[in-house]
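Okay, input.cif is below, mmCIF, C-alpha atoms, pLDDT in the B column; chains and numbers go by the auth columns:
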data_query
loop_
_atom_site.group_PDB
_atom_site.id
_atom_site.type_symbol
_atom_site.label_atom_id
_atom_site.label_comp_id
_atom_site.label_asym_id
_atom_site.label_seq_id
_atom_site.Cartn_x
_atom_site.Cartn_y
_atom_site.Cartn_z
_atom_site.B_iso_or_equiv
_atom_site.auth_seq_id
_atom_site.auth_asym_id
ATOM 1 C CA MET A 1 -3.306 -2.140 -5.432 51.00 1 A
ATOM 2 C CA ALA A 2 -4.491 -4.633 -2.853 54.00 2 A
ATOM 3 C CA PRO A 3 -4.313 -8.356 -3.649 61.00 3 A
ATOM 4 C CA SER A 4 -6.979 -9.540 -6.100 60.00 4 A
ATOM 5 C CA GLY A 5 -7.294 -12.954 -4.520 64.00 5 A
ATOM 6 C CA ILE A 6 -4.503 -15.000 -6.108 71.00 6 A
ATOM 7 C CA PHE A 7 -2.437 -14.835 -2.920 79.00 7 A
ATOM 8 C CA ILE A 8 -5.082 -15.127 -0.225 81.00 8 A
ATOM 9 C CA PRO A 9 -5.656 -16.126 2.507 92.00 9 A
ATOM 10 C CA LEU A 10 -2.088 -15.206 3.394 93.00 10 A
ATOM 11 C CA LEU A 11 -0.062 -14.229 6.453 95.00 11 A
ATOM 12 C CA VAL A 12 2.677 -11.682 5.745 95.00 12 A
ATOM 13 C CA PHE A 13 5.554 -10.718 8.057 96.00 13 A
ATOM 14 C CA PHE A 14 6.818 -7.237 7.219 95.00 14 A
ATOM 15 C CA THR A 15 9.081 -4.345 8.201 96.00 15 A
ATOM 16 C CA GLN A 16 8.428 -0.700 7.378 94.00 16 A
ATOM 17 C CA ILE A 17 11.221 1.871 7.788 95.00 17 A
ATOM 18 C CA SER A 18 10.299 5.553 7.437 93.00 18 A
ATOM 19 C CA ASN A 19 12.462 8.650 7.276 92.00 19 A
ATOM 20 C CA ILE A 20 10.392 11.803 7.744 88.00 20 A
ATOM 21 C CA ASN A 21 12.307 15.073 7.793 83.00 21 A
ATOM 22 C CA GLY A 22 15.422 13.214 8.935 85.00 22 A
ATOM 23 C CA ILE A 23 13.713 11.257 11.727 90.00 23 A
ATOM 24 C CA GLU A 24 13.787 7.482 11.209 93.00 24 A
ATOM 25 C CA SER A 25 11.243 5.056 12.643 94.00 25 A
ATOM 26 C CA THR A 26 10.632 1.321 12.231 95.00 26 A
ATOM 27 C CA ILE A 27 7.377 -0.630 12.259 93.00 27 A
ATOM 28 C CA ARG A 28 7.217 -4.427 12.377 95.00 28 A
ATOM 29 C CA GLY A 29 4.217 -6.676 12.321 95.00 29 A
ATOM 30 C CA GLU A 30 2.069 -9.291 10.659 95.00 30 A
ATOM 31 C CA SER A 31 -0.695 -8.877 8.114 93.00 31 A
ATOM 32 C CA LEU A 32 -3.542 -11.249 7.298 93.00 32 A
ATOM 33 C CA LEU A 33 -4.857 -10.865 3.731 91.00 33 A
ATOM 34 C CA ILE A 34 -8.318 -12.322 3.161 88.00 34 A
ATOM 35 C CA ASN A 35 -11.279 -12.089 0.768 79.00 35 A
ATOM 36 C CA ASN A 36 -12.729 -8.813 -0.557 75.00 36 A
ATOM 37 C CA ASN A 37 -9.291 -7.135 -0.285 75.00 37 A
ATOM 38 C CA GLU A 38 -9.666 -6.945 3.494 85.00 38 A
ATOM 39 C CA ILE A 39 -6.473 -6.702 5.540 90.00 39 A
ATOM 40 C CA TYR A 40 -5.908 -7.350 9.262 93.00 40 A
ATOM 41 C CA ILE A 41 -2.676 -6.027 10.764 94.00 41 A
ATOM 42 C CA ASP A 42 -1.015 -6.795 14.100 95.00 42 A
ATOM 43 C CA LEU A 43 1.838 -4.377 14.872 94.00 43 A
ATOM 44 C CA SER A 44 4.409 -5.510 17.439 88.00 44 A
ATOM 45 C CA GLU A 45 6.848 -2.598 17.115 89.00 45 A
ATOM 46 C CA PRO A 46 6.928 0.188 18.224 89.00 46 A
ATOM 47 C CA ILE A 47 3.550 -0.313 19.974 89.00 47 A
ATOM 48 C CA ASN A 48 0.808 -2.892 20.289 91.00 48 A
ATOM 49 C CA GLN A 49 -1.690 -1.913 17.600 93.00 49 A
ATOM 50 C CA LEU A 50 -4.365 -3.812 15.653 94.00 50 A
ATOM 51 C CA MET A 51 -5.839 -2.605 12.353 93.00 51 A
ATOM 52 C CA PHE A 52 -8.560 -3.692 9.960 92.00 52 A
ATOM 53 C CA ILE A 53 -8.424 -2.103 6.485 88.00 53 A
ATOM 54 C CA SER A 54 -11.401 -2.388 4.131 85.00 54 A
ATOM 55 C CA SER A 55 -12.316 -0.602 0.911 78.00 55 A
ATOM 56 C CA ASP A 56 -14.034 2.320 2.661 81.00 56 A
ATOM 57 C CA SER A 57 -12.484 2.590 6.134 86.00 57 A
ATOM 58 C CA THR A 58 -9.654 1.699 8.506 90.00 58 A
ATOM 59 C CA LEU A 59 -10.321 0.503 12.064 92.00 59 A
ATOM 60 C CA ILE A 60 -7.441 1.048 14.516 93.00 60 A
ATOM 61 C CA TYR A 61 -7.397 -0.454 18.020 94.00 61 A
ATOM 62 C CA TYR A 62 -4.848 0.015 20.843 93.00 62 A
ATOM 63 C CA PRO A 63 -5.472 -2.882 23.279 92.00 63 A
ATOM 64 C CA ASP A 64 -3.098 -1.572 25.967 91.00 64 A
ATOM 65 C CA ASP A 65 -4.861 1.814 26.073 90.00 65 A
ATOM 66 C CA ASN A 66 -8.442 0.645 25.404 91.00 66 A
ATOM 67 C CA ARG A 67 -8.666 3.173 22.545 92.00 67 A
ATOM 68 C CA ALA A 68 -10.098 2.696 19.067 94.00 68 A
ATOM 69 C CA PHE A 69 -11.136 4.831 16.117 91.00 69 A
ATOM 70 C CA ILE A 70 -12.398 4.468 12.558 92.00 70 A
ATOM 71 C CA LEU A 71 -10.985 6.464 9.653 88.00 71 A
ATOM 72 C CA LYS A 72 -13.533 6.803 6.846 84.00 72 A
ATOM 73 C CA LYS A 73 -12.260 7.086 3.290 71.00 73 A
ATOM 74 C CA THR A 74 -13.812 9.457 0.781 60.00 74 A
ATOM 75 C CA LYS A 75 -13.678 9.171 -3.012 50.00 75 A
ATOM 76 C CA SER A 76 -10.619 10.902 -4.455 48.00 76 A
ATOM 77 C CA ASP A 77 -7.877 10.444 -7.023 43.00 77 A
ATOM 78 C CA THR A 78 -5.867 8.289 -4.656 47.00 78 A
ATOM 79 C CA VAL A 79 -4.969 5.204 -6.650 45.00 79 A
ATOM 80 C CA MET A 80 -2.634 3.300 -4.350 49.00 80 A
ATOM 81 C CA ASP A 81 -2.961 2.364 -0.720 52.00 81 A
ATOM 82 C CA GLU A 82 -0.115 3.326 1.589 55.00 82 A
ATOM 83 C CA PHE A 83 0.326 -0.070 3.175 63.00 83 A
ATOM 84 C CA LEU A 84 1.697 -3.409 2.000 77.00 84 A
ATOM 85 C CA GLN A 85 1.621 -3.428 -1.761 84.00 85 A
ATOM 86 C CA LEU A 86 2.167 -7.072 -2.602 89.00 86 A
ATOM 87 C CA GLU A 87 0.741 -7.993 -5.977 88.00 87 A
ATOM 88 C CA PRO A 88 2.653 -6.877 -9.107 90.00 88 A
ATOM 89 C CA LEU A 89 1.013 -4.020 -10.990 88.00 89 A
ATOM 90 C CA SER A 90 -0.394 -4.889 -14.419 87.00 90 A
ATOM 91 C CA HIS A 91 0.198 -2.602 -17.406 85.00 91 A
ATOM 92 C CA ASN A 92 -3.531 -1.766 -17.611 87.00 92 A
ATOM 93 C CA TYR A 93 -4.151 -1.235 -13.870 88.00 93 A
ATOM 94 C CA TYR A 94 -4.807 2.500 -14.183 91.00 94 A
ATOM 95 C CA SER A 95 -6.939 2.094 -17.300 90.00 95 A
ATOM 96 C CA GLN A 96 -9.170 -0.234 -15.285 88.00 96 A
ATOM 97 C CA LEU A 97 -9.490 2.518 -12.660 86.00 97 A
ATOM 98 C CA GLY A 98 -10.807 4.911 -15.300 88.00 98 A
ATOM 99 C CA PHE A 99 -7.596 6.816 -16.058 92.00 99 A
ATOM 100 C CA GLN A 100 -6.984 7.838 -19.666 94.00 100 A
ATOM 101 C CA LYS A 101 -3.803 6.510 -21.279 95.00 101 A
ATOM 102 C CA ILE A 102 -2.068 9.456 -22.937 95.00 102 A
ATOM 103 C CA VAL A 103 1.438 8.057 -23.570 95.00 103 A
ATOM 104 C CA GLU A 104 2.725 4.602 -24.559 95.00 104 A
ATOM 105 C CA LYS A 105 6.400 4.425 -25.487 96.00 105 A
ATOM 106 C CA ALA A 106 8.903 1.563 -25.889 95.00 106 A
ATOM 107 C CA ILE A 107 12.660 1.968 -25.467 92.00 107 A
ATOM 108 C CA ASN A 108 14.511 -1.365 -25.883 91.00 108 A
ATOM 109 C CA ASP A 109 13.211 -3.584 -23.032 92.00 109 A
ATOM 110 C CA THR A 110 11.491 -0.659 -21.261 95.00 110 A
ATOM 111 C CA LEU A 111 7.875 0.455 -21.610 96.00 111 A
ATOM 112 C CA ILE A 112 6.689 3.889 -20.459 97.00 112 A
ATOM 113 C CA TYR A 113 2.981 4.569 -19.902 96.00 113 A
ATOM 114 C CA GLN A 114 1.324 7.776 -18.738 95.00 114 A
ATOM 115 C CA PHE A 115 -2.248 8.048 -17.483 95.00 115 A
ATOM 116 C CA LEU A 116 -4.370 11.090 -16.664 93.00 116 A
ATOM 117 C CA SER A 117 -7.321 11.151 -14.278 89.00 117 A
ATOM 118 C CA ASN A 118 -10.723 12.496 -15.270 83.00 118 A
ATOM 119 C CA ASN A 119 -10.768 14.965 -12.373 79.00 119 A
ATOM 120 C CA LYS A 120 -10.370 18.299 -14.176 77.00 120 A
ATOM 121 C CA LYS A 121 -10.168 20.347 -10.973 79.00 121 A
ATOM 122 C CA THR A 122 -7.236 18.442 -9.466 79.00 122 A
ATOM 123 C CA PRO A 123 -5.925 16.107 -12.175 86.00 123 A
ATOM 124 C CA THR A 124 -3.511 13.301 -11.350 90.00 124 A
ATOM 125 C CA LEU A 125 -0.766 12.240 -13.756 91.00 125 A
ATOM 126 C CA ILE A 126 0.587 8.691 -13.423 93.00 126 A
ATOM 127 C CA THR A 127 3.845 7.579 -15.051 95.00 127 A
ATOM 128 C CA GLN A 128 4.500 3.816 -15.066 96.00 128 A
ATOM 129 C CA LYS A 129 7.852 2.314 -16.065 97.00 129 A
ATOM 130 C CA ILE A 130 8.022 -1.389 -16.956 96.00 130 A
ATOM 131 C CA VAL A 131 11.252 -3.334 -17.558 95.00 131 A
ATOM 132 C CA ASN A 132 11.167 -6.940 -18.782 91.00 132 A
ATOM 133 C CA THR A 133 7.390 -7.142 -18.079 90.00 133 A
ATOM 134 C CA LYS A 134 7.729 -5.981 -14.441 93.00 134 A
ATOM 135 C CA THR A 135 6.770 -2.529 -13.123 95.00 135 A
ATOM 136 C CA VAL A 136 9.902 -0.953 -11.641 96.00 136 A
ATOM 137 C CA GLN A 137 8.660 2.570 -10.948 96.00 137 A
ATOM 138 C CA ILE A 138 5.467 4.590 -10.528 95.00 138 A
ATOM 139 C CA ILE A 139 5.346 8.401 -10.291 94.00 139 A
ATOM 140 C CA ILE A 140 2.099 9.976 -9.059 92.00 140 A
ATOM 141 C CA ALA A 141 1.908 13.734 -9.651 91.00 141 A
ATOM 142 C CA THR A 142 -1.094 15.719 -8.462 81.00 142 A
ATOM 143 C CA ASN A 143 0.735 18.848 -9.570 65.00 143 A
ATOM 144 C CA ILE A 144 1.017 18.509 -13.347 63.00 144 A
ATOM 145 C CA ALA A 145 4.115 20.711 -13.259 62.00 145 A
ATOM 146 C CA ALA A 146 5.584 17.644 -11.457 62.00 146 A
ATOM 147 C CA SER A 147 7.371 19.547 -8.694 80.00 147 A
ATOM 148 C CA ASN A 148 5.280 17.812 -6.011 88.00 148 A
ATOM 149 C CA TYR A 149 4.884 14.079 -6.514 92.00 149 A
ATOM 150 C CA THR A 150 5.237 10.592 -5.040 93.00 150 A
ATOM 151 C CA LYS A 151 7.683 8.077 -6.500 95.00 151 A
ATOM 152 C CA ILE A 152 7.380 4.350 -5.861 95.00 152 A
ATOM 153 C CA ASP A 153 10.417 2.211 -6.711 97.00 153 A
ATOM 154 C CA PHE A 154 9.869 -1.549 -6.831 96.00 154 A
ATOM 155 C CA ASN A 155 13.307 -2.733 -5.753 96.00 155 A
ATOM 156 C CA GLU A 156 12.867 -6.491 -5.543 96.00 156 A
ATOM 157 C CA TYR A 157 10.415 -9.178 -6.640 96.00 157 A
ATOM 158 C CA SER A 158 10.215 -12.754 -5.395 95.00 158 A
ATOM 159 C CA VAL A 159 8.079 -15.859 -5.965 94.00 159 A
ATOM 160 C CA PHE A 160 5.559 -17.583 -3.676 93.00 160 A
ATOM 161 C CA ASN A 161 3.722 -20.732 -4.800 90.00 161 A
ATOM 162 C CA GLY A 162 4.767 -20.004 -8.379 90.00 162 A
ATOM 163 C CA MET A 163 3.421 -16.425 -8.340 91.00 163 A
ATOM 164 C CA ASP A 164 5.421 -13.183 -8.416 92.00 164 A
ATOM 165 C CA TYR A 165 5.055 -10.761 -5.503 94.00 165 A
ATOM 166 C CA ILE A 166 6.716 -7.495 -4.492 95.00 166 A
ATOM 167 C CA LYS A 167 9.302 -8.276 -1.810 96.00 167 A
ATOM 168 C CA LYS A 168 10.778 -4.789 -1.367 96.00 168 A
ATOM 169 C CA TYR A 169 9.747 -1.321 -2.489 96.00 169 A
ATOM 170 C CA THR A 170 10.319 2.319 -1.528 96.00 170 A
ATOM 171 C CA VAL A 171 7.873 5.240 -1.485 94.00 171 A
ATOM 172 C CA THR A 172 9.385 8.744 -1.651 95.00 172 A
ATOM 173 C CA THR A 173 7.453 12.017 -1.436 92.00 173 A
ATOM 174 C CA TYR A 174 8.882 15.085 -3.163 92.00 174 A
ATOM 175 C CA ASP A 175 8.136 18.732 -2.416 88.00 175 A
ATOM 176 C CA SER A 176 9.427 21.177 -5.057 87.00 176 A
ATOM 177 C CA ASN A 177 11.498 18.299 -6.467 88.00 177 A
ATOM 178 C CA VAL A 178 13.182 17.735 -3.079 89.00 178 A
ATOM 179 C CA PRO A 179 12.661 14.363 -1.307 91.00 179 A
ATOM 180 C CA VAL A 180 11.073 14.957 2.124 91.00 180 A
ATOM 181 C CA ASN A 181 9.655 11.598 3.196 93.00 181 A
ATOM 182 C CA THR A 182 10.885 8.093 2.371 95.00 182 A
ATOM 183 C CA THR A 183 9.357 4.796 3.452 94.00 183 A
ATOM 184 C CA GLU A 184 10.819 1.376 2.686 96.00 184 A
ATOM 185 C CA TYR A 185 8.582 -1.699 2.817 95.00 185 A
ATOM 186 C CA LEU A 186 10.153 -5.144 3.134 96.00 186 A
ATOM 187 C CA ILE A 187 8.257 -8.435 3.078 96.00 187 A
ATOM 188 C CA GLU A 188 10.318 -10.571 5.469 95.00 188 A
ATOM 189 C CA SER A 189 8.361 -13.752 4.731 95.00 189 A
ATOM 190 C CA LEU A 190 4.886 -15.024 3.940 94.00 190 A
ATOM 191 C CA ARG A 191 2.895 -18.236 4.168 94.00 191 A
ATOM 192 C CA GLU A 192 -0.612 -19.541 3.704 94.00 192 A
ATOM 193 C CA ALA A 193 -2.852 -18.489 6.606 94.00 193 A
ATOM 194 C CA GLU A 194 -3.996 -21.114 9.109 93.00 194 A
ATOM 195 C CA GLY A 195 -6.981 -21.305 11.444 92.00 195 A
ATOM 196 C CA THR A 196 -5.063 -19.923 14.416 94.00 196 A
ATOM 197 C CA ASP A 197 -3.998 -16.896 12.335 94.00 197 A
ATOM 198 C CA PHE A 198 -7.638 -16.004 11.675 92.00 198 A
ATOM 199 C CA GLU A 199 -8.521 -16.366 15.358 91.00 199 A
ATOM 200 C CA ARG A 200 -5.629 -14.164 16.501 89.00 200 A
ATOM 201 C CA LEU A 201 -5.722 -11.420 13.892 91.00 201 A
ATOM 202 C CA LYS A 202 -9.455 -11.086 13.165 89.00 202 A
ATOM 203 C CA PHE A 203 -10.104 -9.060 16.287 89.00 203 A
ATOM 204 C CA THR A 204 -13.207 -7.342 17.649 88.00 204 A
ATOM 205 C CA ILE A 205 -13.388 -4.185 19.754 91.00 205 A
ATOM 206 C CA PRO A 206 -14.555 -4.811 23.359 90.00 206 A
ATOM 207 C CA ALA A 207 -17.995 -3.414 24.135 91.00 207 A
ATOM 208 C CA ASN A 208 -16.619 -1.104 26.841 91.00 208 A
ATOM 209 C CA VAL A 209 -14.348 0.754 24.373 91.00 209 A
ATOM 210 C CA ASP A 210 -15.797 3.864 22.718 89.00 210 A
ATOM 211 C CA VAL A 211 -14.892 4.006 19.016 90.00 211 A
ATOM 212 C CA GLU A 212 -14.015 7.497 17.727 88.00 212 A
ATOM 213 C CA HIS A 213 -14.970 8.367 14.131 86.00 213 A
ATOM 214 C CA LYS A 214 -12.599 10.434 11.993 77.00 214 A
ATOM 215 C CA SER A 215 -12.026 11.206 8.307 68.00 215 A
ATOM 216 C CA PHE A 216 -8.955 10.860 6.079 54.00 216 A
ATOM 217 C CA ASN A 217 -9.629 14.315 4.583 53.00 217 A
#

Show the structure stored in the file as structure tokens.
Amino acid sequence: MAPSGIFIPLLVFFTQISNINGIESTIRGESLLINNNEIYIDLSEPINQLMFISSDSTLIYYPDDNRAFILKKTKSDTVMDEFLQLEPLSHNYYSQLGFQKIVEKAINDTLIYQFLSNNKKTPTLITQKIVNTKTVQIIIATNIAASNYTKIDFNEYSVFNGMDYIKKYTVTTYDSNVPVNTTEYLIESLREAEGTDFERLKFTIPANVDVEHKSFN
């Protein structure tokens, strides 16, 4: 659900607060959104870390430690990135990804859609709840019995240059219907990117740093 281009180029200032098994941590930084859904990230807290996210990989660089590695993505049923969802989700987003719509239900001002992936071995069930034209909740269940799933609550929307964007949302992972991990994403502010932003955030790895190659799976 990366930006399609209506917001970019854009500089985003964000905070991410995670609670994993009762341990809370905070990440703060800046993100540069550019063409082709590419994202550059400069983390200032808790450590100095630079990232470049593209459609097929993530490059991570630690300038203070002279360490870098690339995480390669493989094709799967993953339908949402885990970092900085900004653009509102359309009602046909999952249909465009090839998911089959199996439920469409209206209750007053609320629409409920359900989508099923074409992967028969490990099917993914998506439930999307829309209130007054805005998506307020997504549930992603890779276990059709729905005891293990991820719930995304879109808590707050705002407007930038006349366009809606997601200002605050929460991602919660459930194991046997019990919440185990929660991450809150807050867009502190955003503005149109300037030349100095591109120079600072579009980094390159020094030639003397060996880049390790790893896989998401």

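Across the structure, CA of Thr135 (chain A) and CA of Asn161 (chain A) are spaced 20.2 Å apart.
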
Requested in this report: Give the answer as one residue: which of A:Asp56, A:Glu199, A:Asp175, A:Asp164 has the shortest atom-to-atom distance to Lys73 (chain A), using all atoms listed in the file?
Outcome: A:Asp56

Residues returned when the PyMOL selection byres ((chain A and resi 182) around 6) runs on this file, as an mmCIF file with C-alpha atoms, keeping the file's coordinate frame:
data_model
loop_
_atom_site.group_PDB
_atom_site.id
_atom_site.type_symbol
_atom_site.label_atom_id
_atom_site.label_comp_id
_atom_site.auth_asym_id
_atom_site.auth_seq_id
_atom_site.Cartn_x
_atom_site.Cartn_y
_atom_site.Cartn_z
ATOM 1 C CA SER A 18 10.299 5.553 7.437
ATOM 2 C CA ASN A 19 12.462 8.650 7.276
ATOM 3 C CA VAL A 171 7.873 5.240 -1.485
ATOM 4 C CA THR A 172 9.385 8.744 -1.651
ATOM 5 C CA ASN A 181 9.655 11.598 3.196
ATOM 6 C CA THR A 183 9.357 4.796 3.452
#

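Proximity to Thr170 (chain A) was assessed for A:Ile23, A:Val12, A:Ile17, A:Ile53 counting all atoms listed in the file; the smallest distance is recorded for A:Ile17.
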
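The space between CA of Glu192 (chain A) and CA of Tyr165 (chain A) spans 13.9 Å.
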
**Report entry** Closest of A:Ile70, A:Leu97, A:Ile20, A:Leu86 to Asn37 (chain A) - atom-to-atom distances counting only C-alpha atoms
**Finding:** A:Leu86

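Residues surrounding Glu194 (chain A) within 9 Å are Pro9, Leu10, Leu11, Arg191, Asp197 and Phe198 of chain A [only C-alpha atoms; sequence separation below 3 positions excluded].
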
**Report entry** Given the PyMOL selection byres ((chain A and resi 210) around 12), the residues it picks as a list in words
**Finding:** Tyr61, Tyr62, Asp65, Asn66, Arg67, Ala68, Phe69, Ile70, Ile205, Pro206, Ala207, Asn208, Val209, Val211, Glu212 and His213 of chain A

Query raised in the report: Just so the selection is clear, what residues does the PyMOL selection byres ((chain A and resi 43-51) around 6) cover here, as a ChimeraX atom specification?
Result: /A:27-29,40-42,52,59-62

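Across the structure, CA of Gln128 (chain A) and CA of His91 (chain A) are spaced 8.1 Å apart.
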
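Using only C-alpha atoms for every distance, the candidate list A:Ile107, A:Ala193, A:Ile126, A:Val131 yields A:Ala193 as the residue closest to Glu30 (chain A).
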
Report task. Name the residues in contact with Ile140 (chain A) at a cut-off of 8 Å, using all atoms listed in the file, excluding same-chain residues fewer than 2 positions from it; report them as a PyMOL selection string. Result -> chain A and resi 124-127+138+142+149-151

Query raised in the report: Leaving out Glu156 (chain A) and any residue of its chain fewer than 2 positions from it, which residues lie within 7 Å of it when counting only C-alpha atoms, given as number ranges by chain?
Result: A: 154, 158, 166-169

Query raised in the report: Using all atoms listed in the file, which of the listed residues (A:Glu87, A:Ile39, A:Asn118, A:Leu186) sits closest to Met163 (chain A)?
Result: A:Glu87
